[in-house]
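Source file: upload-v4.txt. Holds: compact mmCIF, C-alpha atoms.
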```txt
# COMPACT_ATOMS: atom_id res chain seq x y z
CA MET D 694 24.92 24.68 4.75
CA ARG D 695 23.62 24.46 8.32
CA ILE D 696 20.18 24.34 9.90
CA VAL D 697 19.67 27.37 12.12
CA ARG D 698 16.04 27.11 13.19
CA LEU D 699 12.91 24.96 13.27
CA VAL D 700 9.47 26.58 13.53
CA ALA D 701 6.34 24.45 14.03
CA TRP D 702 2.74 25.61 14.31
CA PRO D 703 -0.70 23.95 14.31
CA VAL D 704 -3.57 24.77 11.96
CA ARG D 705 -7.09 23.55 12.63
CA LEU D 706 -8.90 22.65 9.43
CA ARG D 707 -12.63 21.99 9.18
CA LEU D 708 -14.09 19.64 6.60
CA ARG D 709 -16.74 20.90 4.22
CA VAL D 710 -18.62 17.65 4.76
CA PRO D 711 -17.93 15.28 7.70
CA TYR D 712 -17.24 11.70 6.74
CA THR D 713 -17.63 8.36 8.50
CA ILE D 714 -15.48 5.23 8.40
CA ALA D 715 -15.81 1.96 10.31
CA TYR D 716 -14.57 3.32 13.63
CA GLU D 717 -15.08 7.11 13.64
CA THR D 718 -16.71 10.22 12.16
CA VAL D 719 -14.40 13.12 11.27
CA THR D 720 -15.54 16.76 11.23
CA GLU D 721 -12.23 18.62 11.60
CA VAL D 722 -8.51 17.89 11.82
CA THR D 723 -5.36 19.63 12.97
CA ASN D 724 -2.22 19.58 10.87
CA VAL D 725 1.13 20.76 12.18
CA PHE D 726 3.33 22.65 9.74
CA LEU D 727 7.11 22.83 9.97
CA ARG D 728 9.61 25.30 8.57
CA ILE D 729 13.35 24.57 8.58
CA GLU D 730 15.59 27.60 8.06
CA THR D 731 19.23 27.43 6.99
CA ASN D 732 22.19 29.81 7.04
CA ARG D 733 22.16 29.93 3.22
CA GLY D 734 18.62 31.31 3.00
CA VAL D 735 17.13 28.03 1.74
CA THR D 736 13.95 27.11 3.60
CA GLY D 737 12.15 23.77 3.62
CA TYR D 738 8.57 22.98 4.61
CA GLY D 739 6.92 19.90 6.05
CA CYS D 740 3.54 18.88 7.42
CA ALA D 741 2.32 16.37 10.00
CA ALA D 742 -1.22 14.99 10.09
CA PRO D 743 -1.36 13.04 13.37
CA ASP D 744 -4.14 10.55 14.02
CA ALA D 745 -4.52 8.98 17.45
CA ALA D 746 -6.06 5.79 16.05
CA VAL D 747 -3.41 5.24 13.38
CA THR D 748 -0.15 7.02 14.27
CA GLY D 749 -0.77 7.26 18.03
CA GLU D 750 -0.08 10.98 17.99
CA SER D 751 -1.86 14.27 18.62
CA SER D 752 -1.11 17.76 17.37
CA GLU D 753 0.17 18.56 20.86
CA SER D 754 2.57 15.62 20.90
CA VAL D 755 3.83 16.47 17.41
CA LEU D 756 4.53 20.07 18.42
CA ARG D 757 6.31 18.93 21.55
CA VAL D 758 8.50 16.41 19.75
CA LEU D 759 9.44 18.80 16.97
CA THR D 760 10.39 21.61 19.36
CA GLU D 761 11.86 19.63 22.26
CA VAL D 762 13.44 16.66 20.48
CA ALA D 763 13.96 17.41 16.79
CA GLU D 764 15.13 21.02 16.98
CA PRO D 765 17.94 20.49 19.51
CA ALA D 766 19.12 17.44 17.56
CA VAL D 767 19.19 18.98 14.08
CA VAL D 768 20.14 22.65 14.57
CA GLY D 769 23.74 23.05 13.40
CA THR D 770 23.63 19.98 11.14
CA ASP D 771 23.87 19.89 7.34
CA PRO D 772 20.34 19.41 5.88
CA LEU D 773 21.77 18.02 2.66
CA ARG D 774 22.92 14.94 4.60
CA ILE D 775 19.38 13.66 5.05
CA ALA D 776 20.27 10.12 6.08
CA ARG D 777 22.57 11.35 8.83
CA VAL D 778 20.10 13.91 10.19
CA LEU D 779 17.22 11.44 10.26
CA GLU D 780 19.37 8.73 11.83
CA ASN D 781 20.28 11.13 14.63
CA VAL D 782 16.61 11.38 15.67
CA ARG D 783 15.44 7.89 14.72
CA GLU D 784 15.38 6.36 18.18
CA SER D 785 14.04 9.43 19.96
CA MET D 786 11.22 9.85 17.42
CA VAL D 787 10.45 6.21 16.66
CA ARG D 788 6.97 6.45 18.21
CA HIS D 789 6.17 9.71 16.44
CA PRO D 790 5.88 8.86 12.72
CA ALA D 791 3.87 11.92 11.66
CA ALA D 792 6.37 14.23 13.37
CA ARG D 793 9.20 12.38 11.61
CA ALA D 794 7.33 12.72 8.33
CA ALA D 795 7.18 16.51 8.70
CA LEU D 796 10.90 16.67 9.42
CA ASP D 797 11.68 14.32 6.54
CA MET D 798 9.57 16.36 4.09
CA ALA D 799 11.23 19.63 5.03
CA LEU D 800 14.70 18.12 4.60
CA HIS D 801 13.85 16.70 1.19
CA ASP D 802 12.36 20.06 0.25
CA ILE D 803 15.66 21.77 1.10
CA VAL D 804 17.75 19.28 -0.87
CA ALA D 805 15.59 19.58 -3.99
CA ARG D 806 15.44 23.37 -3.73
CA THR D 807 19.22 23.44 -3.46
CA ALA D 808 19.45 21.27 -6.57
CA GLY D 809 16.97 23.52 -8.36
CA MET D 810 14.73 20.55 -9.20
CA PRO D 811 11.21 19.38 -8.34
CA LEU D 812 11.55 16.63 -5.74
CA TRP D 813 9.86 13.97 -7.89
CA LYS D 814 12.57 14.36 -10.52
CA LEU D 815 15.36 14.26 -7.96
CA LEU D 816 13.96 11.04 -6.48
CA GLY D 817 13.72 9.27 -9.83
CA GLY D 818 11.17 10.99 -12.03
CA PHE D 819 9.38 7.93 -13.39
CA ARG D 820 6.11 9.78 -14.23
CA ASP D 821 4.91 13.36 -14.07
CA ARG D 822 1.25 12.91 -13.05
CA MET D 823 -0.94 10.33 -11.36
CA LYS D 824 -4.60 9.41 -11.20
CA THR D 825 -6.05 9.41 -7.69
CA SER D 826 -9.11 7.79 -6.20
CA VAL D 827 -11.55 9.86 -4.16
CA THR D 828 -13.05 8.44 -0.99
CA ILE D 829 -16.74 8.15 -0.19
CA GLY D 830 -17.41 7.66 3.52
CA ILE D 831 -20.06 5.44 5.07
CA MET D 832 -23.52 6.68 4.08
CA SER D 833 -26.86 5.18 3.19
CA PRO D 834 -27.02 3.40 -0.17
CA ALA D 835 -28.93 6.30 -1.75
CA GLU D 836 -26.49 8.90 -0.40
CA THR D 837 -23.54 6.80 -1.55
CA VAL D 838 -24.87 6.64 -5.09
CA GLU D 839 -25.54 10.39 -5.11
CA GLU D 840 -22.01 11.14 -3.90
CA ALA D 841 -20.52 8.73 -6.44
CA ARG D 842 -22.35 10.46 -9.26
CA ARG D 843 -21.18 13.85 -8.01
CA ARG D 844 -17.55 12.79 -7.90
CA VAL D 845 -17.70 11.25 -11.36
CA ALA D 846 -19.22 14.49 -12.65
CA GLU D 847 -16.21 16.31 -11.16
CA GLY D 848 -13.91 14.20 -13.33
CA PHE D 849 -12.83 11.41 -10.99
CA ARG D 850 -12.44 8.02 -12.62
CA CYS D 851 -11.69 6.00 -9.49
CA LEU D 852 -13.88 5.80 -6.37
CA LYS D 853 -13.01 4.25 -3.02
CA LEU D 854 -16.02 3.23 -0.95
CA LYS D 855 -15.73 2.95 2.82
CA GLY D 856 -17.49 0.21 4.74
CA GLY D 857 -16.92 -2.39 7.42
CA ARG D 858 -19.99 -1.92 9.61
CA SER D 859 -22.53 -4.06 7.76
CA VAL D 860 -21.65 -6.61 5.11
CA ASP D 861 -25.16 -6.59 3.68
CA ASP D 862 -25.25 -2.79 3.37
CA ASP D 863 -21.77 -2.76 1.87
CA ILE D 864 -22.74 -5.27 -0.82
CA VAL D 865 -25.83 -3.25 -1.73
CA LYS D 866 -23.85 0.01 -1.93
CA VAL D 867 -21.11 -1.43 -4.13
CA LEU D 868 -23.60 -2.98 -6.55
CA ASP D 869 -25.73 0.19 -6.63
CA VAL D 870 -22.71 2.41 -7.30
CA ARG D 871 -21.50 0.18 -10.09
CA LYS D 872 -24.92 0.31 -11.72
CA ALA D 873 -25.02 4.11 -11.34
CA VAL D 874 -21.53 4.99 -12.64
CA GLY D 875 -21.03 2.32 -15.28
CA THR D 876 -18.15 0.01 -15.99
CA ALA D 877 -15.55 2.61 -16.99
CA ILE D 878 -15.11 3.86 -13.41
CA GLU D 879 -12.70 1.96 -11.15
CA LEU D 880 -14.12 0.94 -7.76
CA ARG D 881 -12.11 0.14 -4.64
CA PHE D 882 -13.40 -0.84 -1.20
CA ASP D 883 -11.94 -0.20 2.26
CA ALA D 884 -13.36 -2.01 5.30
CA ASN D 885 -11.02 -0.23 7.76
CA GLN D 886 -10.56 -3.40 9.85
CA GLY D 887 -14.30 -3.94 10.24
CA TYR D 888 -14.65 -7.49 8.87
CA THR D 889 -14.04 -11.01 10.06
CA VAL D 890 -12.66 -13.54 7.59
CA GLU D 891 -16.17 -14.87 7.03
CA ASP D 892 -17.52 -11.35 6.50
CA CYS D 893 -14.93 -10.65 3.84
CA LEU D 894 -15.50 -13.91 2.01
CA ARG D 895 -19.23 -13.20 1.90
CA PHE D 896 -18.63 -9.61 0.79
CA VAL D 897 -16.32 -10.59 -2.05
CA ASP D 898 -18.77 -13.18 -3.27
CA GLY D 899 -21.65 -10.71 -3.09
CA VAL D 900 -19.94 -7.93 -5.05
CA ARG D 901 -18.49 -10.14 -7.76
CA PRO D 902 -20.65 -8.58 -10.49
CA ALA D 903 -19.27 -5.12 -9.61
CA LYS D 904 -15.70 -6.10 -10.54
CA LEU D 905 -13.94 -4.32 -7.67
CA GLU D 906 -10.30 -3.43 -8.19
CA LEU D 907 -9.19 -4.28 -4.64
CA VAL D 908 -10.22 -4.66 -1.00
CA GLU D 909 -8.27 -2.71 1.58
CA GLN D 910 -7.60 -3.77 5.20
CA PRO D 911 -10.64 -6.00 5.75
CA CYS D 912 -9.65 -7.29 9.21
CA PRO D 913 -8.03 -5.96 12.43
CA ARG D 914 -4.45 -4.72 12.15
CA GLY D 915 -3.15 -6.90 14.96
CA GLU D 916 -4.10 -10.19 13.26
CA PRO D 917 -1.98 -10.54 10.11
CA ASP D 918 -2.79 -14.24 9.84
CA LEU D 919 -6.38 -13.29 9.09
CA LEU D 920 -5.16 -11.15 6.22
CA GLY D 921 -3.32 -14.17 4.91
CA ARG D 922 -6.43 -16.35 5.10
CA ILE D 923 -8.46 -13.78 3.20
CA THR D 924 -5.77 -13.25 0.57
CA ALA D 925 -5.58 -16.99 -0.03
CA GLY D 926 -9.35 -17.37 -0.09
CA VAL D 927 -10.50 -14.70 -2.53
CA SER D 928 -9.76 -13.76 -6.10
CA LEU D 929 -9.63 -9.98 -5.48
CA PRO D 930 -6.34 -8.33 -4.52
CA ILE D 931 -6.11 -7.68 -0.76
CA MET D 932 -4.26 -4.61 0.47
CA ALA D 933 -2.74 -3.98 3.91
CA ASP D 934 -3.13 -0.49 5.33
CA GLU D 935 -3.30 -0.32 9.12
CA SER D 936 -1.32 -3.59 9.21
CA MET D 937 1.52 -1.92 7.28
CA MET D 938 2.98 0.70 9.61
CA ASN D 939 6.73 0.41 9.06
CA LEU D 940 9.57 -1.34 7.27
CA GLY D 941 9.36 -4.37 9.57
CA ASP D 942 5.66 -4.82 8.78
CA ALA D 943 6.41 -4.67 5.05
CA PHE D 944 9.04 -7.37 5.41
CA ARG D 945 6.78 -9.65 7.48
CA LEU D 946 3.80 -9.25 5.15
CA ALA D 947 5.97 -9.89 2.10
CA ARG D 948 7.90 -12.82 3.56
CA ARG D 949 4.73 -14.73 4.44
CA ASN D 950 2.73 -13.73 1.34
CA LEU D 951 -0.05 -12.37 3.53
CA VAL D 952 -1.26 -9.70 1.09
CA ASP D 953 -1.14 -8.72 -2.56
CA MET D 954 -0.63 -4.99 -2.03
CA VAL D 955 0.43 -2.45 0.60
CA ASN D 956 -0.75 1.09 1.28
CA VAL D 957 2.19 3.36 2.08
CA LYS D 958 1.25 6.57 3.89
CA LEU D 959 3.99 9.00 4.80
CA MET D 960 2.31 9.74 8.14
CA LYS D 961 2.35 6.07 9.12
CA VAL D 962 5.87 5.22 8.04
CA GLY D 963 7.66 8.44 8.98
CA GLY D 964 8.33 10.18 5.69
CA ILE D 965 9.72 9.83 2.20
CA ALA D 966 13.03 8.15 3.08
CA GLU D 967 11.26 5.31 4.90
CA ALA D 968 8.61 5.06 2.18
CA LEU D 969 11.35 4.47 -0.39
CA ARG D 970 12.77 1.62 1.72
CA ILE D 971 9.35 0.02 2.10
CA ASN D 972 8.72 0.41 -1.60
CA ALA D 973 11.96 -1.42 -2.33
CA VAL D 974 10.90 -4.36 -0.15
CA ALA D 975 7.50 -4.44 -1.83
CA ARG D 976 9.03 -4.41 -5.30
CA ALA D 977 11.44 -7.19 -4.43
CA ALA D 978 8.50 -9.27 -3.16
CA GLY D 979 6.29 -8.53 -6.15
CA LEU D 980 3.77 -6.53 -4.12
CA GLU D 981 2.03 -3.58 -5.70
CA VAL D 982 2.07 -0.29 -3.79
CA MET D 983 -0.54 2.39 -3.29
CA VAL D 984 0.41 5.76 -1.86
CA GLY D 985 -2.30 6.82 0.56
CA CYS D 986 -2.93 9.64 2.96
CA MET D 987 -4.58 10.74 6.16
CA ASP D 988 -6.56 13.98 6.48
CA GLU D 989 -3.63 15.95 5.14
CA ALA D 990 -3.17 19.48 3.89
CA GLY D 991 -1.97 20.02 0.34
CA LEU D 992 1.69 20.17 1.37
CA ALA D 993 1.65 16.63 2.78
CA ILE D 994 -0.35 15.39 -0.21
CA ALA D 995 2.35 16.90 -2.43
CA ALA D 996 5.05 14.98 -0.58
CA GLY D 997 3.15 11.72 -1.09
CA LEU D 998 2.67 12.55 -4.76
CA HIS D 999 6.37 13.32 -5.32
CA PHE D 1000 7.23 9.94 -3.79
CA ALA D 1001 4.69 8.16 -5.98
CA LEU D 1002 5.82 9.88 -9.17
CA ALA D 1003 9.40 8.81 -8.58
CA ARG D 1004 8.91 5.04 -8.49
CA PRO D 1005 7.45 2.73 -11.18
CA ASN D 1006 5.85 0.17 -8.86
CA VAL D 1007 3.77 2.74 -6.96
CA ALA D 1008 0.84 1.80 -9.14
CA TYR D 1009 -2.05 3.40 -7.27
CA ALA D 1010 -2.74 6.70 -5.54
CA ASP D 1011 -5.34 7.57 -2.93
CA LEU D 1012 -4.32 11.18 -2.35
CA ASP D 1013 -7.58 12.97 -1.64
CA GLY D 1014 -7.19 13.99 2.02
CA HIS D 1015 -6.92 17.68 1.15
CA LEU D 1016 -9.93 18.00 -1.11
CA ASP D 1017 -12.56 18.95 1.48
CA LEU D 1018 -10.38 20.94 3.89
CA ILE D 1019 -11.51 24.53 4.37
CA ASP D 1020 -8.88 27.30 4.21
CA ASP D 1021 -5.92 24.98 3.65
CA PRO D 1022 -2.92 27.35 3.53
CA THR D 1023 -1.06 24.92 1.26
CA ALA D 1024 -3.82 24.04 -1.20
CA GLY D 1025 -1.65 25.11 -4.14
CA ALA D 1026 1.00 22.47 -3.54
CA VAL D 1027 -0.75 20.10 -5.98
CA ARG D 1028 -3.05 20.59 -8.95
CA LEU D 1029 -6.06 18.38 -9.68
CA ARG D 1030 -7.59 18.05 -13.14
CA ASN D 1031 -10.18 15.40 -13.99
CA GLY D 1032 -9.10 13.14 -11.17
CA VAL D 1033 -5.40 13.40 -12.03
CA LEU D 1034 -2.86 15.01 -9.67
CA TYR D 1035 0.01 17.11 -10.95
CA PRO D 1036 2.91 18.42 -8.84
CA ALA D 1037 3.84 22.08 -8.69
CA GLU D 1038 6.58 22.94 -11.16
CA ALA D 1039 8.85 24.88 -8.78
CA PRO D 1040 11.90 23.27 -7.09
CA GLY D 1041 11.42 21.12 -4.01
CA LEU D 1042 7.84 20.44 -3.04
CA GLY D 1043 6.96 23.55 -5.00
CA LEU D 1044 5.29 25.59 -2.28
CA GLU D 1045 5.97 28.96 -0.70
CA PHE D 1046 3.88 30.03 2.29
```
Any chance you could give the structure as structure tokens?
Amino acid sequence: MRIVRLVAWPVRLRLRVPYTIAYETVTEVTNVFLRIETNRGVTGYGCAAPDAAVTGESSESVLRVLTEVAEPAVVGTDPLRIARVLENVRESMVRHPAARAALDMALHDIVARTAGMPLWKLLGGFRDRMKTSVTIGIMSPAETVEEARRRVAEGFRCLKLKGGRSVDDDIVKVLDVRKAVGTAIELRFDANQGYTVEDCLRFVDGVRPAKLELVEQPCPRGEPDLLGRITAGVSLPIMADESMMNLGDAFRLARRNLVDMVNVKLMKVGGIAEALRINAVARAAGLEVMVGCMDEAGLAIAAGLHFALARPNVAYADLDGHLDLIDDPTAGAVRLRNGVLYPAEAPGLGLEF
């Protein structure tokens, strides 16, 4: 089998409701879709969700890299030899993780389609479904409680609250949500780098009655020592997100015991192959793993889900980036029932455009 063509195109997707995190408000996003065609008629699909603040990319840069760098390098190669194909473009695409993720997804899609198996089974098949959290952006306390009630009514059993702008407001919102939704609902909190060490210590102390499950990326990504101080100083599990961008970060965080958990997002790390390597490091170090996402269409969410289903120590999922996207052409790539995600049953990633 040989790759004969790569086709990439952007799709602008508006959000039904804009959301706010510590450093930005998002109203719409652009995903770049990729199709890899082969001489045997097997086609694979991938998706990139670039984010300037996280991956350092734009939709324009992703399109350029896929058409000017990836296509010349991979046309004529065997897509079933994923490691070789990805290694051929590793150095030239090292600063373009979302573009690499799209290429990686499409290659894995081809391999699993060729095998006639859903990708999650081909990768290991540990579980066949996974509960996901749903994110609530920064709002007033009253709006946060209203949104939390709405999501619980939709069937979600795990909520992730965003904060990081005001410790006092964040404490109030967490306590109010816990009172509103009861003790059976899991609560997570993400400060998106907005806290100092002192802020986080005060926050954790203030929300103790709410019994949070974890705190994600409380301090700036460029100061891992602060993560270590927080991890050592609080009883709640601390998770690295923006501080965990690649395999090297995973090794450094694990070696120095700076966190309890890591958030692996395909867009940050460059795809499924790299996510599996990072997951292996985390498991060896005793770190729990959450699979997360950016503002991703259903196809990219599916890729993250297939990775998570394949490995036993991917204990948490935060795969909700597709839920509020309008006119997502790949919405059928995953199924959601009562807060639980199920993969499509067809081979590969299970999607046909």
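Among the candidates D:Thr720, D:Gln886, D:Thr825, D:Thr924, the residue lying nearest to Gly997 in chain D is D:Thr825 (atoms considered: only C-alpha atoms).
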If we count all atoms listed in the file, what is near Lys814 in chain D at a cut-off of 9 Å, once residues fewer than 6 positions away on the same chain are taken out, given as a PDB file with C-alpha atoms, in the frame of the given file?
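Once written, part-v5.pdb looks like this:
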```
ATOM      1  CA  ALA D 805      15.590  19.580  -3.990  1.00  0.00           C
ATOM      2  CA  ARG D 820       6.110   9.780 -14.230  1.00  0.00           C
ATOM      3  CA  ASP D 821       4.910  13.360 -14.070  1.00  0.00           C
ATOM      4  CA  HIS D 999       6.370  13.320  -5.320  1.00  0.00           C
ATOM      5  CA  LEU D1002       5.820   9.880  -9.170  1.00  0.00           C
ATOM      6  CA  ALA D1003       9.400   8.810  -8.580  1.00  0.00           C
TER       7      ALA D1003
END
```
Note to self: Residues within 6 Å of range 764-770 of chain D, please, as a list in words. Count all atoms listed in the file; anything in the same chain fewer than 4 positions from it doesn't count.
What the structure shows: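 Here the answer would be Arg695, Ile696, Val697, Leu699 and Thr760 of chain D.
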Check: Between D:Asp744, D:Glu967, D:Glu906, D:Asp797, which has the minimum distance to Met987 in chain D (counting only C-alpha atoms)?
Finding: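 The answer is D:Asp744, which sits nearest to Met987 in chain D.
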Residues within 12 Å of (20.2, 32.2, 4.5), counting all atoms listed in the file, listed as an mmCIF file with C-alpha atoms, keeping the file's coordinate frame:
```
data_model
loop_
_atom_site.group_PDB
_atom_site.id
_atom_site.type_symbol
_atom_site.label_atom_id
_atom_site.label_comp_id
_atom_site.auth_asym_id
_atom_site.auth_seq_id
_atom_site.Cartn_x
_atom_site.Cartn_y
_atom_site.Cartn_z
ATOM 1 C CA MET D 694 24.920 24.680 4.750
ATOM 2 C CA ARG D 695 23.620 24.460 8.320
ATOM 3 C CA ILE D 696 20.180 24.340 9.900
ATOM 4 C CA VAL D 697 19.670 27.370 12.120
ATOM 5 C CA ARG D 698 16.040 27.110 13.190
ATOM 6 C CA ILE D 729 13.350 24.570 8.580
ATOM 7 C CA GLU D 730 15.590 27.600 8.060
ATOM 8 C CA THR D 731 19.230 27.430 6.990
ATOM 9 C CA ASN D 732 22.190 29.810 7.040
ATOM 10 C CA ARG D 733 22.160 29.930 3.220
ATOM 11 C CA GLY D 734 18.620 31.310 3.000
ATOM 12 C CA VAL D 735 17.130 28.030 1.740
ATOM 13 C CA THR D 736 13.950 27.110 3.600
ATOM 14 C CA GLY D 737 12.150 23.770 3.620
ATOM 15 C CA ILE D 803 15.660 21.770 1.100
ATOM 16 C CA THR D 807 19.220 23.440 -3.460
#
```
Item checked: Counting only C-alpha atoms, the option among D:Thr828, D:Ser785, D:Ser754, D:Gln910 closest to Cys986 in chain D ->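 Looking at the shortest contact to Cys986 in chain D, the residue is D:Thr828.
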Next item on the list: May I ask for the distance between CA of Ser936 in chain D and CA of Asn972 in chain D, given in Å to one decimal place?
Entry: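 CA of Ser936 in chain D sits 15.3 Å away from CA of Asn972 in chain D.
Of the residues under consideration (D:Asp771, D:Glu840, D:Glu721, D:Asp869), D:Asp771 shows the shortest atom-to-atom contact distance to Leu800 in chain D when counting all atoms listed in the file.
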How would range 742-769 of chain D of the given structure read as a file with N, CA and C atoms, as a tab-separated table (two decimals), in the first residue's frame?
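Output file part.tsv is given in full below:
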```
chain	number	residue	atom	x	y	z
D	742	ALA	N	-6.74	20.79	15.80
D	742	ALA	CA	-7.41	21.91	16.47
D	742	ALA	C	-6.33	22.81	17.05
D	743	PRO	N	-5.73	23.67	16.22
D	743	PRO	CA	-4.62	24.50	16.69
D	743	PRO	C	-5.09	25.55	17.68
D	744	ASP	N	-4.21	25.93	18.58
D	744	ASP	CA	-4.50	26.95	19.58
D	744	ASP	C	-3.21	27.74	19.80
D	745	ALA	N	-3.23	29.01	19.47
D	745	ALA	CA	-2.01	29.82	19.54
D	745	ALA	C	-1.41	29.83	20.93
D	746	ALA	N	-2.26	29.86	21.96
D	746	ALA	CA	-1.77	29.96	23.33
D	746	ALA	C	-1.20	28.64	23.84
D	747	VAL	N	-1.64	27.53	23.29
D	747	VAL	CA	-1.22	26.22	23.80
D	747	VAL	C	-0.26	25.52	22.84
D	748	THR	N	-0.67	25.34	21.58
D	748	THR	CA	0.18	24.62	20.63
D	748	THR	C	1.07	25.54	19.81
D	749	GLY	N	0.81	26.85	19.86
D	749	GLY	CA	1.61	27.80	19.09
D	749	GLY	C	1.31	27.79	17.61
D	750	GLU	N	0.14	27.29	17.24
D	750	GLU	CA	-0.21	27.16	15.83
D	750	GLU	C	-1.49	27.93	15.50
D	751	SER	N	-1.69	28.12	14.20
D	751	SER	CA	-2.93	28.67	13.68
D	751	SER	C	-3.45	27.73	12.60
D	752	SER	N	-4.68	27.94	12.19
D	752	SER	CA	-5.20	27.10	11.10
D	752	SER	C	-4.38	27.30	9.83
D	753	GLU	N	-3.91	28.53	9.61
D	753	GLU	CA	-3.09	28.80	8.43
D	753	GLU	C	-1.76	28.05	8.49
D	754	SER	N	-1.13	28.03	9.66
D	754	SER	CA	0.15	27.33	9.76
D	754	SER	C	-0.03	25.82	9.64
D	755	VAL	N	-1.13	25.30	10.17
D	755	VAL	CA	-1.40	23.86	10.04
D	755	VAL	C	-1.59	23.49	8.58
D	756	LEU	N	-2.39	24.27	7.86
D	756	LEU	CA	-2.60	24.00	6.43
D	756	LEU	C	-1.28	24.04	5.67
D	757	ARG	N	-0.47	25.02	5.97
D	757	ARG	CA	0.80	25.17	5.26
D	757	ARG	C	1.72	23.98	5.54
D	758	VAL	N	1.82	23.58	6.78
D	758	VAL	CA	2.71	22.47	7.14
D	758	VAL	C	2.23	21.16	6.53
D	759	LEU	N	0.93	20.93	6.55
D	759	LEU	CA	0.41	19.68	6.00
D	759	LEU	C	0.61	19.59	4.50
D	760	THR	N	0.45	20.72	3.80
D	760	THR	CA	0.56	20.69	2.34
D	760	THR	C	1.99	20.86	1.84
D	761	GLU	N	2.80	21.65	2.56
D	761	GLU	CA	4.15	21.94	2.07
D	761	GLU	C	5.22	21.05	2.69
D	762	VAL	N	4.96	20.51	3.86
D	762	VAL	CA	5.96	19.69	4.55
D	762	VAL	C	5.53	18.22	4.59
D	763	ALA	N	4.33	17.97	5.12
D	763	ALA	CA	3.91	16.57	5.30
D	763	ALA	C	3.67	15.86	3.97
D	764	GLU	N	2.91	16.49	3.07
D	764	GLU	CA	2.56	15.78	1.84
D	764	GLU	C	3.78	15.35	1.03
D	765	PRO	N	4.75	16.25	0.75
D	765	PRO	CA	5.91	15.78	0.00
D	765	PRO	C	6.69	14.66	0.70
D	766	ALA	N	6.66	14.66	2.03
D	766	ALA	CA	7.44	13.67	2.78
D	766	ALA	C	6.77	12.31	2.83
D	767	VAL	N	5.43	12.27	2.78
D	767	VAL	CA	4.76	10.99	3.00
D	767	VAL	C	4.16	10.37	1.74
D	768	VAL	N	3.93	11.15	0.69
D	768	VAL	CA	3.40	10.56	-0.54
D	768	VAL	C	4.39	9.53	-1.08
D	769	GLY	N	3.90	8.35	-1.40
D	769	GLY	CA	4.74	7.26	-1.88
D	769	GLY	C	5.19	6.31	-0.79
```
